[in-house]
Amino acid sequence: MRTTRLGGSTVRVSELALGCAGIGNLYHPVTDAAALATVEAAWDAGIRTFDTAPHYGLGLSERRLGAALRGRPRGTYTVSTKVGRLLVPNKDDGHGDDLANGFAVPASHRRVWDFSADGVLRSLEASLDRLGLDRIDVALLHDPDDHAEQALREAYPALERLRTEGVVGAIGVGMNQSALPARFLRETDIDVVLLAGRYTLLEQEGLAQLLPEAAARGRSVVIGGVFNSGLLTAPRPGATYDYAPAPQPVLDRALRLLAVTERHGLPLRAAALRFPFGHPAVASVLTGARSAEEVRDTVEQLRRPIPDAVWDDLRAEGLLAPDTPVPASAPIAEATSPEEPS
C-alpha cells in the first residue's frame, strides 16, 4: 500500500489508516482477541498507519493497539494519538460504565480537558506508557472547539517544541469541523489536519477553506468519518449521522447518492471511500473497524474501480458541485507506483 509524507515532516502515512476507536469498545464491547485480529488484518492488508486517542475507551484503545503492534519493527508503522483530554482516576473505583461518552468500558477514569503545555506533556507521557512505545509519530490536538485560544497559545507551542526535539514526528489538529483547523493552518506550522465527517461524498464543507489552505501551504489532510457515522454504508430510516439519527433531508440525500451508485453496480461505501482522494491535499483516509472482517471489506471496497460516469451522474443530479475534484477511475492501489515504505 502506497504511502505519503505528511506536510513538511518525515512521517509517512499509508493511503488507508485504521481508526482504533472501535477496538476501544466504541458503543459495544470488543474482545481482546477480536481487537488483535482487527489490527492484524489491517497489517496483512498493507495498512501501516494507526490512529488512537486516550479518549477511546479511557485508554483501552491505546493499550490494545500497543499490544497488537508489539514485536513489529518500530520503523515500519506510524501511530498517531491525541492530546487535550487527561484521564484522571475516579475516586469511586470506577463503578458504572462510560457509555454516556460512547464507550462500553468501566468508568475507571474521567476525562479532564487540558490544552496547557503541561497537559500536553502529561498526556503524551501517559499515552507512551499505554502504547508501550518510545515515541509518537503524530500528535494531534483533539477537539479543541471550546478551547481554541488555549490550544493555540499553549498546547500548539508545546507540540512544536516536541517536534523540534524529535520527541514527535509530526503535529496537527483533529476535529469534526473545518473552520478552526483552517485557522490553525493559517496561524501555525502544523503538518496535518485530521478532518472527520466534513469532506465526504455527502457533504464537502472542508472544500471551502480548509483543503485549499492545506494545498497552498504544502500541508496534509487525513480524512476521517467518510461514512458520516455509518449513514453512507447503509442509508435507511434510523441510520446515524454525526452520531445521532439522520435528519430526513440528510437521509434523502444519502438515498439519492445510493441510487446513483447502484445504477452502476457499485456499493455506495466504495464511492464514499474513494471520493476524498480526488483532492491533492488528502494524504490518507482513516476508517474505523472492530473486526478483521470489517477491515477486509474496507480494503476490498477501496480497490474497486469507480467509473468516471459515477461522478458525472452525481454532478448531473446536483449531488456534487461541478468543480468538486474527484479521483481517477483506476483502483487506488494501482493508481500510481508505490512510494518508499514508511
# chains A, B, ... in the order shown; residues from 1 in each chain; ligands from 1
call {"tool": "closest_atom_pairs", "arguments": {"of": "segment 12-70 of chain A", "to": "segment 114-135 of chain A", "cutoff": "12 Å", "atoms": "only C-alpha atoms", "output": "JSON lines"}}
result
{"residue": "A:Phe50", "atom": "CA", "partner": "A:Leu131", "partner_atom": "CA", "distance": 11.7}
{"residue": "A:Asp51", "atom": "CA", "partner": "A:Leu131", "partner_atom": "CA", "distance": 11.7}
{"residue": "A:Thr52", "atom": "CA", "partner": "A:Ser127", "partner_atom": "CA", "distance": 9.6}
{"residue": "A:Ala53", "atom": "CA", "partner": "A:Ser127", "partner_atom": "CA", "distance": 8.0}
{"residue": "A:Pro54", "atom": "CA", "partner": "A:Ser127", "partner_atom": "CA", "distance": 6.8}
{"residue": "A:His55", "atom": "CA", "partner": "A:Ser127", "partner_atom": "CA", "distance": 10.6}
{"residue": "A:Tyr56", "atom": "CA", "partner": "A:Ser127", "partner_atom": "CA", "distance": 11.6}
{"residue": "A:Leu58", "atom": "CA", "partner": "A:Arg130", "partner_atom": "CA", "distance": 10.7}
{"residue": "A:Gly59", "atom": "CA", "partner": "A:Arg130", "partner_atom": "CA", "distance": 7.1}
{"residue": "A:Leu60", "atom": "CA", "partner": "A:Arg130", "partner_atom": "CA", "distance": 8.3}
{"residue": "A:Ser61", "atom": "CA", "partner": "A:Leu131", "partner_atom": "CA", "distance": 8.9}
{"residue": "A:Glu62", "atom": "CA", "partner": "A:Leu131", "partner_atom": "CA", "distance": 5.3}
{"residue": "A:Arg63", "atom": "CA", "partner": "A:Arg130", "partner_atom": "CA", "distance": 4.9}
{"residue": "A:Arg64", "atom": "CA", "partner": "A:Leu131", "partner_atom": "CA", "distance": 7.7}
{"residue": "A:Leu65", "atom": "CA", "partner": "A:Leu131", "partner_atom": "CA", "distance": 6.7}
{"residue": "A:Gly66", "atom": "CA", "partner": "A:Leu131", "partner_atom": "CA", "distance": 4.1}
{"residue": "A:Ala67", "atom": "CA", "partner": "A:Leu131", "partner_atom": "CA", "distance": 7.2}
{"residue": "A:Ala68", "atom": "CA", "partner": "A:Leu131", "partner_atom": "CA", "distance": 9.6}
{"residue": "A:Leu69", "atom": "CA", "partner": "A:Leu131", "partner_atom": "CA", "distance": 8.9}
{"residue": "A:Arg70", "atom": "CA", "partner": "A:Gly132", "partner_atom": "CA", "distance": 7.9}
call {"tool": "write_last_selection", "arguments": {"atoms": "C-alpha atoms", "output": "PDB file, in the first residue's frame"}}
result
ATOM      1  CA  PHE A  50      -2.981   3.541  13.136  1.00  0.00           C
ATOM      2  CA  ASP A  51      -4.897   6.341  14.860  1.00  0.00           C
ATOM      3  CA  THR A  52      -5.894   6.233  18.510  1.00  0.00           C
ATOM      4  CA  ALA A  53      -6.530   8.564  21.480  1.00  0.00           C
ATOM      5  CA  PRO A  54      -6.754   8.483  25.278  1.00  0.00           C
ATOM      6  CA  HIS A  55     -10.455   9.322  24.852  1.00  0.00           C
ATOM      7  CA  TYR A  56     -11.132   5.995  23.115  1.00  0.00           C
ATOM      8  CA  LEU A  58     -10.423   5.543  28.564  1.00  0.00           C
ATOM      9  CA  GLY A  59      -7.070   4.334  27.283  1.00  0.00           C
ATOM     10  CA  LEU A  60      -8.214   0.842  26.231  1.00  0.00           C
ATOM     11  CA  SER A  61      -7.672   1.568  22.544  1.00  0.00           C
ATOM     12  CA  GLU A  62      -4.083   2.674  23.139  1.00  0.00           C
ATOM     13  CA  ARG A  63      -3.319  -0.370  25.292  1.00  0.00           C
ATOM     14  CA  ARG A  64      -4.769  -2.790  22.749  1.00  0.00           C
ATOM     15  CA  LEU A  65      -3.072  -1.116  19.804  1.00  0.00           C
ATOM     16  CA  GLY A  66       0.277  -1.166  21.573  1.00  0.00           C
ATOM     17  CA  ALA A  67      -0.116  -4.849  22.388  1.00  0.00           C
ATOM     18  CA  ALA A  68      -1.036  -5.669  18.782  1.00  0.00           C
ATOM     19  CA  LEU A  69       1.979  -3.835  17.373  1.00  0.00           C
ATOM     20  CA  ARG A  70       4.450  -5.179  19.912  1.00  0.00           C
TER      21      ARG A  70
END
call {"tool": "residues_around", "arguments": {"residues": "Leu266 of chain A", "least_positions_apart": "4", "cutoff": "10 Å", "atoms": "only C-alpha atoms", "output": "list in words"}}
result
Leu258, Ala259, Val260, Thr261, Glu262, Ala270, Ala271, Gln301, Arg304, Pro305, Ile306, Pro307 and Val310 of chain A
call {"tool": "write_last_selection", "arguments": {"atoms": "N, CA, C and O atoms", "output": "compact mmCIF listing (two decimals), in the first residue's frame"}}
result
# COMPACT_ATOMS: atom_id res chain seq x y z
N LEU A 258 -27.09 6.78 -3.06
CA LEU A 258 -27.16 5.32 -3.20
C LEU A 258 -27.77 4.92 -4.54
O LEU A 258 -27.29 4.00 -5.21
N ALA A 259 -28.82 5.63 -4.95
CA ALA A 259 -29.48 5.30 -6.21
C ALA A 259 -28.52 5.44 -7.39
O ALA A 259 -28.54 4.63 -8.32
N VAL A 260 -27.67 6.46 -7.35
CA VAL A 260 -26.71 6.67 -8.44
C VAL A 260 -25.68 5.54 -8.47
O VAL A 260 -25.42 4.95 -9.53
N THR A 261 -25.08 5.23 -7.33
CA THR A 261 -24.04 4.20 -7.34
C THR A 261 -24.62 2.83 -7.69
O THR A 261 -23.97 2.03 -8.37
N GLU A 262 -25.84 2.55 -7.22
CA GLU A 262 -26.44 1.25 -7.54
C GLU A 262 -26.72 1.10 -9.03
O GLU A 262 -26.66 -0.01 -9.56
N ALA A 270 -18.10 2.10 -1.41
CA ALA A 270 -16.90 2.12 -2.24
C ALA A 270 -16.65 3.52 -2.79
O ALA A 270 -15.52 4.02 -2.77
N ALA A 271 -17.69 4.17 -3.30
CA ALA A 271 -17.54 5.53 -3.79
C ALA A 271 -17.19 6.49 -2.66
O ALA A 271 -16.38 7.41 -2.83
N GLN A 301 -13.42 -2.68 -0.84
CA GLN A 301 -14.19 -1.58 -1.44
C GLN A 301 -13.26 -0.49 -1.97
O GLN A 301 -13.52 0.10 -3.04
N ARG A 304 -11.99 -1.18 -5.52
CA ARG A 304 -12.91 -1.29 -6.64
C ARG A 304 -12.68 -0.14 -7.63
O ARG A 304 -12.50 1.00 -7.23
N PRO A 305 -12.71 -0.43 -8.92
CA PRO A 305 -12.67 0.67 -9.89
C PRO A 305 -13.97 1.47 -9.85
O PRO A 305 -15.05 0.90 -9.71
N ILE A 306 -13.85 2.78 -9.92
CA ILE A 306 -15.02 3.66 -9.92
C ILE A 306 -15.13 4.28 -11.31
O ILE A 306 -14.29 5.11 -11.69
N PRO A 307 -16.13 3.92 -12.10
CA PRO A 307 -16.27 4.52 -13.43
C PRO A 307 -16.43 6.04 -13.36
O PRO A 307 -17.10 6.56 -12.45
N VAL A 310 -19.88 7.54 -12.78
CA VAL A 310 -20.48 7.71 -11.46
C VAL A 310 -20.40 9.17 -11.02
O VAL A 310 -21.40 9.78 -10.61
call {"tool": "select_by_dssp", "arguments": {"residues": "segment 192-339 of chain A", "states": "helix (DSSP H, G or I)", "output": "JSON, numbers by chain"}}
result
{"A": [205, 206, 207, 210, 211, 212, 213, 214, 215, 216, 217, 248, 249, 250, 251, 252, 253, 254, 255, 256, 257, 258, 259, 260, 261, 262, 263, 268, 269, 270, 271, 272, 273, 274, 275, 276, 277, 278, 292, 293, 294, 295, 296, 297, 298, 299, 300, 301, 302, 308, 309, 310, 311, 312, 313, 314, 315, 316, 332, 333, 334]}
call {"tool": "write_last_selection", "arguments": {"atoms": "C-alpha atoms", "output": "mmCIF file, in the first residue's frame"}}
result
data_model
loop_
_atom_site.group_PDB
_atom_site.id
_atom_site.type_symbol
_atom_site.label_atom_id
_atom_site.label_comp_id
_atom_site.auth_asym_id
_atom_site.auth_seq_id
_atom_site.Cartn_x
_atom_site.Cartn_y
_atom_site.Cartn_z
ATOM 1 C CA GLU A 205 -17.683 21.711 3.929
ATOM 2 C CA GLY A 206 -13.908 21.270 4.005
ATOM 3 C CA LEU A 207 -13.621 22.298 0.365
ATOM 4 C CA LEU A 210 -9.503 24.058 4.746
ATOM 5 C CA LEU A 211 -8.467 21.891 1.815
ATOM 6 C CA PRO A 212 -7.379 24.798 -0.430
ATOM 7 C CA GLU A 213 -5.459 26.294 2.511
ATOM 8 C CA ALA A 214 -3.681 22.998 3.148
ATOM 9 C CA ALA A 215 -2.812 22.548 -0.517
ATOM 10 C CA ALA A 216 -1.498 26.097 -0.843
ATOM 11 C CA ARG A 217 0.747 25.697 2.221
ATOM 12 C CA GLN A 248 -34.849 13.373 6.919
ATOM 13 C CA PRO A 249 -33.247 15.807 4.396
ATOM 14 C CA VAL A 250 -29.827 14.278 5.077
ATOM 15 C CA LEU A 251 -31.220 10.751 4.740
ATOM 16 C CA ASP A 252 -32.943 11.706 1.488
ATOM 17 C CA ARG A 253 -29.654 12.993 0.063
ATOM 18 C CA ALA A 254 -27.866 9.789 1.070
ATOM 19 C CA LEU A 255 -30.583 7.714 -0.611
ATOM 20 C CA ARG A 256 -30.122 9.718 -3.816
ATOM 21 C CA LEU A 257 -26.387 9.006 -3.673
ATOM 22 C CA LEU A 258 -27.159 5.322 -3.200
ATOM 23 C CA ALA A 259 -29.481 5.296 -6.211
ATOM 24 C CA VAL A 260 -26.709 6.667 -8.436
ATOM 25 C CA THR A 261 -24.042 4.197 -7.345
ATOM 26 C CA GLU A 262 -26.444 1.250 -7.539
ATOM 27 C CA ARG A 263 -27.220 2.123 -11.150
ATOM 28 C CA LEU A 268 -22.143 3.381 -2.018
ATOM 29 C CA ARG A 269 -19.410 2.775 0.550
ATOM 30 C CA ALA A 270 -16.901 2.118 -2.238
ATOM 31 C CA ALA A 271 -17.536 5.535 -3.791
ATOM 32 C CA ALA A 272 -17.508 7.146 -0.347
ATOM 33 C CA LEU A 273 -14.105 5.636 0.451
ATOM 34 C CA ARG A 274 -12.522 6.756 -2.790
ATOM 35 C CA PHE A 275 -14.065 10.214 -3.087
ATOM 36 C CA PRO A 276 -11.668 12.178 -0.801
ATOM 37 C CA PHE A 277 -8.609 11.113 -2.789
ATOM 38 C CA GLY A 278 -9.673 13.433 -5.587
ATOM 39 C CA ALA A 292 -10.999 -8.432 10.827
ATOM 40 C CA GLU A 293 -13.999 -8.856 8.516
ATOM 41 C CA GLU A 294 -14.710 -5.113 8.554
ATOM 42 C CA VAL A 295 -11.092 -4.361 7.704
ATOM 43 C CA ARG A 296 -11.066 -6.773 4.792
ATOM 44 C CA ASP A 297 -14.324 -5.369 3.429
ATOM 45 C CA THR A 298 -12.989 -1.809 3.617
ATOM 46 C CA VAL A 299 -9.850 -2.730 1.696
ATOM 47 C CA GLU A 300 -11.916 -4.590 -0.903
ATOM 48 C CA GLN A 301 -14.187 -1.579 -1.438
ATOM 49 C CA LEU A 302 -11.256 0.814 -1.693
ATOM 50 C CA ASP A 308 -15.988 8.201 -14.335
ATOM 51 C CA ALA A 309 -19.694 8.011 -15.172
ATOM 52 C CA VAL A 310 -20.481 7.709 -11.455
ATOM 53 C CA TRP A 311 -19.026 11.149 -10.738
ATOM 54 C CA ASP A 312 -20.632 12.538 -13.905
ATOM 55 C CA ASP A 313 -24.057 11.327 -12.794
ATOM 56 C CA LEU A 314 -23.606 12.692 -9.274
ATOM 57 C CA ARG A 315 -22.809 16.092 -10.770
ATOM 58 C CA ALA A 316 -25.730 15.880 -13.202
ATOM 59 C CA ILE A 332 -6.344 3.364 -5.717
ATOM 60 C CA ALA A 333 -3.801 0.640 -5.039
ATOM 61 C CA GLU A 334 -2.950 0.658 -8.735
#
call {"tool": "select_by_dssp", "arguments": {"residues": "segment 85-127 of chain A", "states": "strand (DSSP E or B)", "output": "ChimeraX atom specification"}}
result
/A:85-89,97-98,103-106,109-113
call {"tool": "closest_residue", "arguments": {"among": "A:Asp242, A:Thr76, A:Val138, A:Trp113", "to": "Val192 of chain A", "atoms": "only C-alpha atoms"}}
result
A:Val138
call {"tool": "closest_residue", "arguments": {"among": "A:Asn25, A:Ser9, A:Gln177, A:Ser80", "to": "Gly218 of chain A", "atoms": "only C-alpha atoms"}}
result
A:Ser9
call {"tool": "atom_distance", "arguments": {"atom1": "atom CA of Ala17 of chain A", "atom2": "atom CA of Ala41 of chain A"}}
result
12.2 Å
